[in-house]
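The structure under discussion appears below in the form of structure tokens.
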Amino acid sequence: MSDDEDRIMSEAAAWHVASSDDGMDWDGFTAWLEADSRHSHAYNELVLVDSLIDEHRPMLLSAGNRKAVGGIAAEHGAVVRRRHWGRWVGAAMAASLAAVFLLPAIFAQPTVYRTTDKAQQIALADGSTVTLAPHSRLSVDGRDKDQLALAGGAWFDIKHDPNRTLAITAGDVEIRDIGTRFDVQTEDKVVRVGVAEGVVTVASQALSQPIRLERGRNLLFDGGDGTALVTPATDPAIGAWRNGRLSYEDTPLPLVLDDLSRYAGVHVTMPDSLRSRRFSGSLIIGNGEAAIRDLAQVLGLPLERTGDSYRLGERSH
């Protein structure tokens, strides 16, 4: 392990020990997590190993690891002696934990949820909840069920837990959170994130650095060209689909049509010449036909119906 990796693991250990103190500097901890993607990885690995040792301490002791486990227990209250955590992780995980057959639990298959035309409420192991939107898919993985992957849409109500950083992969971005309420919508390479409470970070290889997204902010990320736009949003508009409404502020028309397909059950096409059009306003999704007609009227565009599909046309001159 390099000196830099050793330093990161020591810092992660210090934050882990400090998290049990009432005087924990949560703002400083959040800033540390956001400063380098390796920080959250090291912190999660350390918490995992610590929890595994606590859970399986009797078996480790009986297997002749009394000295190693006792050393960890003795160091638990002293940050300064944690600087060799990284070396211990490599040896103990390979020898002690593998010896008691914990690897199958770590590499368990993910739980996958899929919806059709109705939303589904999902309870996570820590008491957090996810409302999975219609025509969406959510994968829940990891020993602590904190590694999620989303395709479609979902509302996240995450219980605050500083010892766990929830990671959600959506399209080309990764969203990290330790406790907040936010909405995520994905379609092809476009990801939209709206935060109703707390703070999340959004990272992507296409971005020079993670974006800190606070309450009352929307993020529109386009993986096709690697751009990200942050705009203000009102709390009622974030995740409004749960209440039968879609709200937009200067949103690209293709995304609006994608939402109508997912939430209102109407399939709408349009010519390429309209792809740059944007829409601001609200649509009621209880009646898909009424919603698309309202959209066409606001935009001043003709609407044709063929069977169960609709097509927006260009305005005649």
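By convention here, the chains of the structure tokens are called A, B, ... in the order presented, each chain's residues are numbered starting at 1, and ligands are numbered starting at 1 in the order presented.
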For His267 of chain A, work out the shell of residues within 9 Å, counting only C-alpha atoms and skipping chain neighbours fewer than 6 positions away, then give it as a short mmCIF file (atom, residue, chain, number, x, y, z; two decimals) with all heavy atoms, in the first residue's frame.
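And here is the file that came out, selection-v1.cif:
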data_model
loop_
_atom_site.label_atom_id
_atom_site.label_comp_id
_atom_site.auth_asym_id
_atom_site.auth_seq_id
_atom_site.Cartn_x
_atom_site.Cartn_y
_atom_site.Cartn_z
N LEU A 257 -41.80 14.08 -23.35
CA LEU A 257 -42.50 12.98 -24.02
C LEU A 257 -42.12 11.64 -23.40
O LEU A 257 -42.97 10.74 -23.30
CB LEU A 257 -42.19 12.99 -25.51
CG LEU A 257 -42.59 14.26 -26.28
CD1 LEU A 257 -42.42 14.03 -27.79
CD2 LEU A 257 -44.02 14.66 -25.96
N ASP A 258 -40.87 11.48 -22.99
CA ASP A 258 -40.47 10.25 -22.30
C ASP A 258 -41.25 10.07 -21.00
O ASP A 258 -41.69 8.97 -20.66
CB ASP A 258 -38.97 10.27 -22.00
CG ASP A 258 -38.12 10.12 -23.26
OD1 ASP A 258 -38.61 9.57 -24.25
OD2 ASP A 258 -36.95 10.58 -23.23
N LEU A 260 -44.21 11.33 -20.28
CA LEU A 260 -45.61 11.03 -20.59
C LEU A 260 -45.79 9.55 -20.92
O LEU A 260 -46.80 8.94 -20.58
CB LEU A 260 -46.10 11.90 -21.75
CG LEU A 260 -46.38 13.36 -21.41
CD1 LEU A 260 -46.74 14.15 -22.66
CD2 LEU A 260 -47.50 13.47 -20.38
N SER A 261 -44.80 8.97 -21.58
CA SER A 261 -44.86 7.55 -21.88
C SER A 261 -44.80 6.72 -20.60
O SER A 261 -45.57 5.77 -20.41
CB SER A 261 -43.71 7.16 -22.81
OG SER A 261 -43.69 5.76 -23.05
N ASP A 308 -53.17 3.88 -31.12
CA ASP A 308 -52.88 4.22 -29.73
C ASP A 308 -51.71 5.19 -29.59
O ASP A 308 -51.27 5.48 -28.48
CB ASP A 308 -52.56 2.95 -28.94
CG ASP A 308 -53.76 2.02 -28.83
OD1 ASP A 308 -54.89 2.53 -28.84
OD2 ASP A 308 -53.55 0.80 -28.73
N SER A 309 -51.20 5.70 -30.70
CA SER A 309 -50.05 6.59 -30.68
C SER A 309 -50.43 8.00 -31.12
O SER A 309 -51.43 8.21 -31.81
CB SER A 309 -48.94 6.05 -31.60
OG SER A 309 -48.51 4.79 -31.16
N TYR A 310 -49.59 8.95 -30.70
CA TYR A 310 -49.79 10.35 -31.06
C TYR A 310 -48.51 10.88 -31.71
O TYR A 310 -47.43 10.38 -31.47
CB TYR A 310 -50.11 11.19 -29.82
CG TYR A 310 -51.41 10.81 -29.13
CD1 TYR A 310 -51.44 9.78 -28.20
CD2 TYR A 310 -52.58 11.50 -29.41
CE1 TYR A 310 -52.62 9.42 -27.56
CE2 TYR A 310 -53.76 11.16 -28.78
CZ TYR A 310 -53.77 10.11 -27.86
OH TYR A 310 -54.95 9.76 -27.24
N ARG A 311 -48.70 11.93 -32.48
CA ARG A 311 -47.53 12.58 -33.10
C ARG A 311 -47.73 14.07 -33.08
O ARG A 311 -48.73 14.60 -33.56
CB ARG A 311 -47.32 12.10 -34.54
CG ARG A 311 -46.09 12.76 -35.20
CD ARG A 311 -45.80 12.18 -36.57
NE ARG A 311 -44.68 12.85 -37.24
CZ ARG A 311 -43.40 12.62 -37.00
NH1 ARG A 311 -43.06 11.72 -36.08
NH2 ARG A 311 -42.44 13.27 -37.64
#
Running DSSP on the backbone, which parts of segment 80-246 of chain A land in strand (DSSP E or B), as a PyMOL selection string? chain A and resi 111-114+120-123+129-132+137-141+147-151+153-157+166-170+173-177+181-187+190-197+199-203+211-214+217-222+227-232+245-246
So how far away is atom CA of Val191 of chain A from atom CA of Gly224 of chain A, in Å?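 Computing the Euclidean distance for atom CA of Gly224 of chain A and atom CA of Val191 of chain A yields 10.7 Å.
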Show me, as a ChimeraX atom specification, the residues that have an atom within 12 Å of Ala170 of chain A when counting only C-alpha atoms, minus same-chain residues fewer than 4 positions from it. /A:136-139,147-154,174-176,183-193,202-204,221-223
Surrounding residues of segment 129-134 of chain A excluding itself and chain neighbours under 3 positions, 9 Å, only C-alpha atoms, as a PyMOL selection string: chain A and resi 113-124+126+137-138+152-159+241-242+262-263
Looking at only C-alpha atoms, which of A:Leu295, A:Leu207, A:Val195, A:Leu274 is the one that sits closest to Val173 of chain A?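 Checking each candidate against Val173 of chain A, we get A:Leu207 as the closest.
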Sort by chain and increasing residue number a table of all residues of segment 114-200 of chain A within 10 Å of segment 35-43 of chain A, each with its closest pair of atoms and their distance in Å to one decimal, counting only C-alpha atoms, and write it as a Markdown table.
| residue | atom | partner | partner_atom | distance |
| --- | --- | --- | --- | --- |
| A:Asn163 | CA | A:Tyr43 | CA | 8.5 |
| A:Arg164 | CA | A:Tyr43 | CA | 8.7 |
| A:Thr165 | CA | A:Ser40 | CA | 7.5 |
| A:Ala167 | CA | A:Ser40 | CA | 9.8 |
| A:Arg176 | CA | A:Ser40 | CA | 9.1 |
Just the selected residues (all heavy atoms), exported as a CSV table (one decimal), in the first residue's frame, please.
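As written to disk, again.csv reads:
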chain,number,residue,atom,x,y,z
A,163,ASN,N,-22.6,6.3,9.0
A,163,ASN,CA,-21.7,5.2,8.8
A,163,ASN,C,-21.9,4.4,7.5
A,163,ASN,O,-21.3,3.4,7.3
A,163,ASN,CB,-21.9,4.2,10.0
A,163,ASN,CG,-21.4,4.8,11.3
A,163,ASN,OD1,-20.3,5.4,11.4
A,163,ASN,ND2,-22.1,4.6,12.4
A,164,ARG,N,-22.9,4.9,6.7
A,164,ARG,CA,-23.2,4.3,5.5
A,164,ARG,C,-23.4,5.4,4.4
A,164,ARG,O,-24.1,6.3,4.6
A,164,ARG,CB,-24.4,3.4,5.6
A,164,ARG,CG,-24.9,2.7,4.4
A,164,ARG,CD,-25.9,3.5,3.5
A,164,ARG,NE,-27.1,3.8,4.1
A,164,ARG,CZ,-27.7,5.0,4.3
A,164,ARG,NH1,-27.0,6.1,4.0
A,164,ARG,NH2,-28.8,5.1,4.9
A,165,THR,N,-22.7,5.2,3.3
A,165,THR,CA,-22.9,6.1,2.2
A,165,THR,C,-23.6,5.4,1.1
A,165,THR,O,-23.0,4.5,0.5
A,165,THR,CB,-21.6,6.7,1.6
A,165,THR,OG1,-20.9,7.4,2.7
A,165,THR,CG2,-21.8,7.7,0.5
A,167,ALA,N,-24.9,4.5,-2.5
A,167,ALA,CA,-24.4,4.9,-3.8
A,167,ALA,C,-25.4,4.4,-4.9
A,167,ALA,O,-25.8,3.2,-4.8
A,167,ALA,CB,-23.1,4.2,-4.1
A,176,ARG,N,-24.3,9.9,-4.5
A,176,ARG,CA,-24.0,9.4,-3.2
A,176,ARG,C,-24.7,10.3,-2.2
A,176,ARG,O,-24.9,11.5,-2.3
A,176,ARG,CB,-22.5,9.5,-3.0
A,176,ARG,CG,-21.7,8.4,-3.8
A,176,ARG,CD,-20.2,8.4,-3.4
A,176,ARG,NE,-19.6,7.2,-4.0
A,176,ARG,CZ,-19.5,6.0,-3.4
A,176,ARG,NH1,-20.0,5.8,-2.2
A,176,ARG,NH2,-18.9,5.0,-4.0
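When atom CA of Glu45 of chain A is paired with atom CA of Ile8 of chain A, their separation reads 11.7 Å.
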Distance criterion (only C-alpha atoms): nearest to Arg293 of chain A out of A:Leu312, A:Ala237, A:Ser276, A:Ala196: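 The answer is A:Leu312, which sits nearest to Arg293 of chain A.
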Residue with smallest distance to Leu253 of chain A - pool A:Asp144, A:Asp272, A:Glu5, A:Asp235, counting only C-alpha atoms: A:Asp272
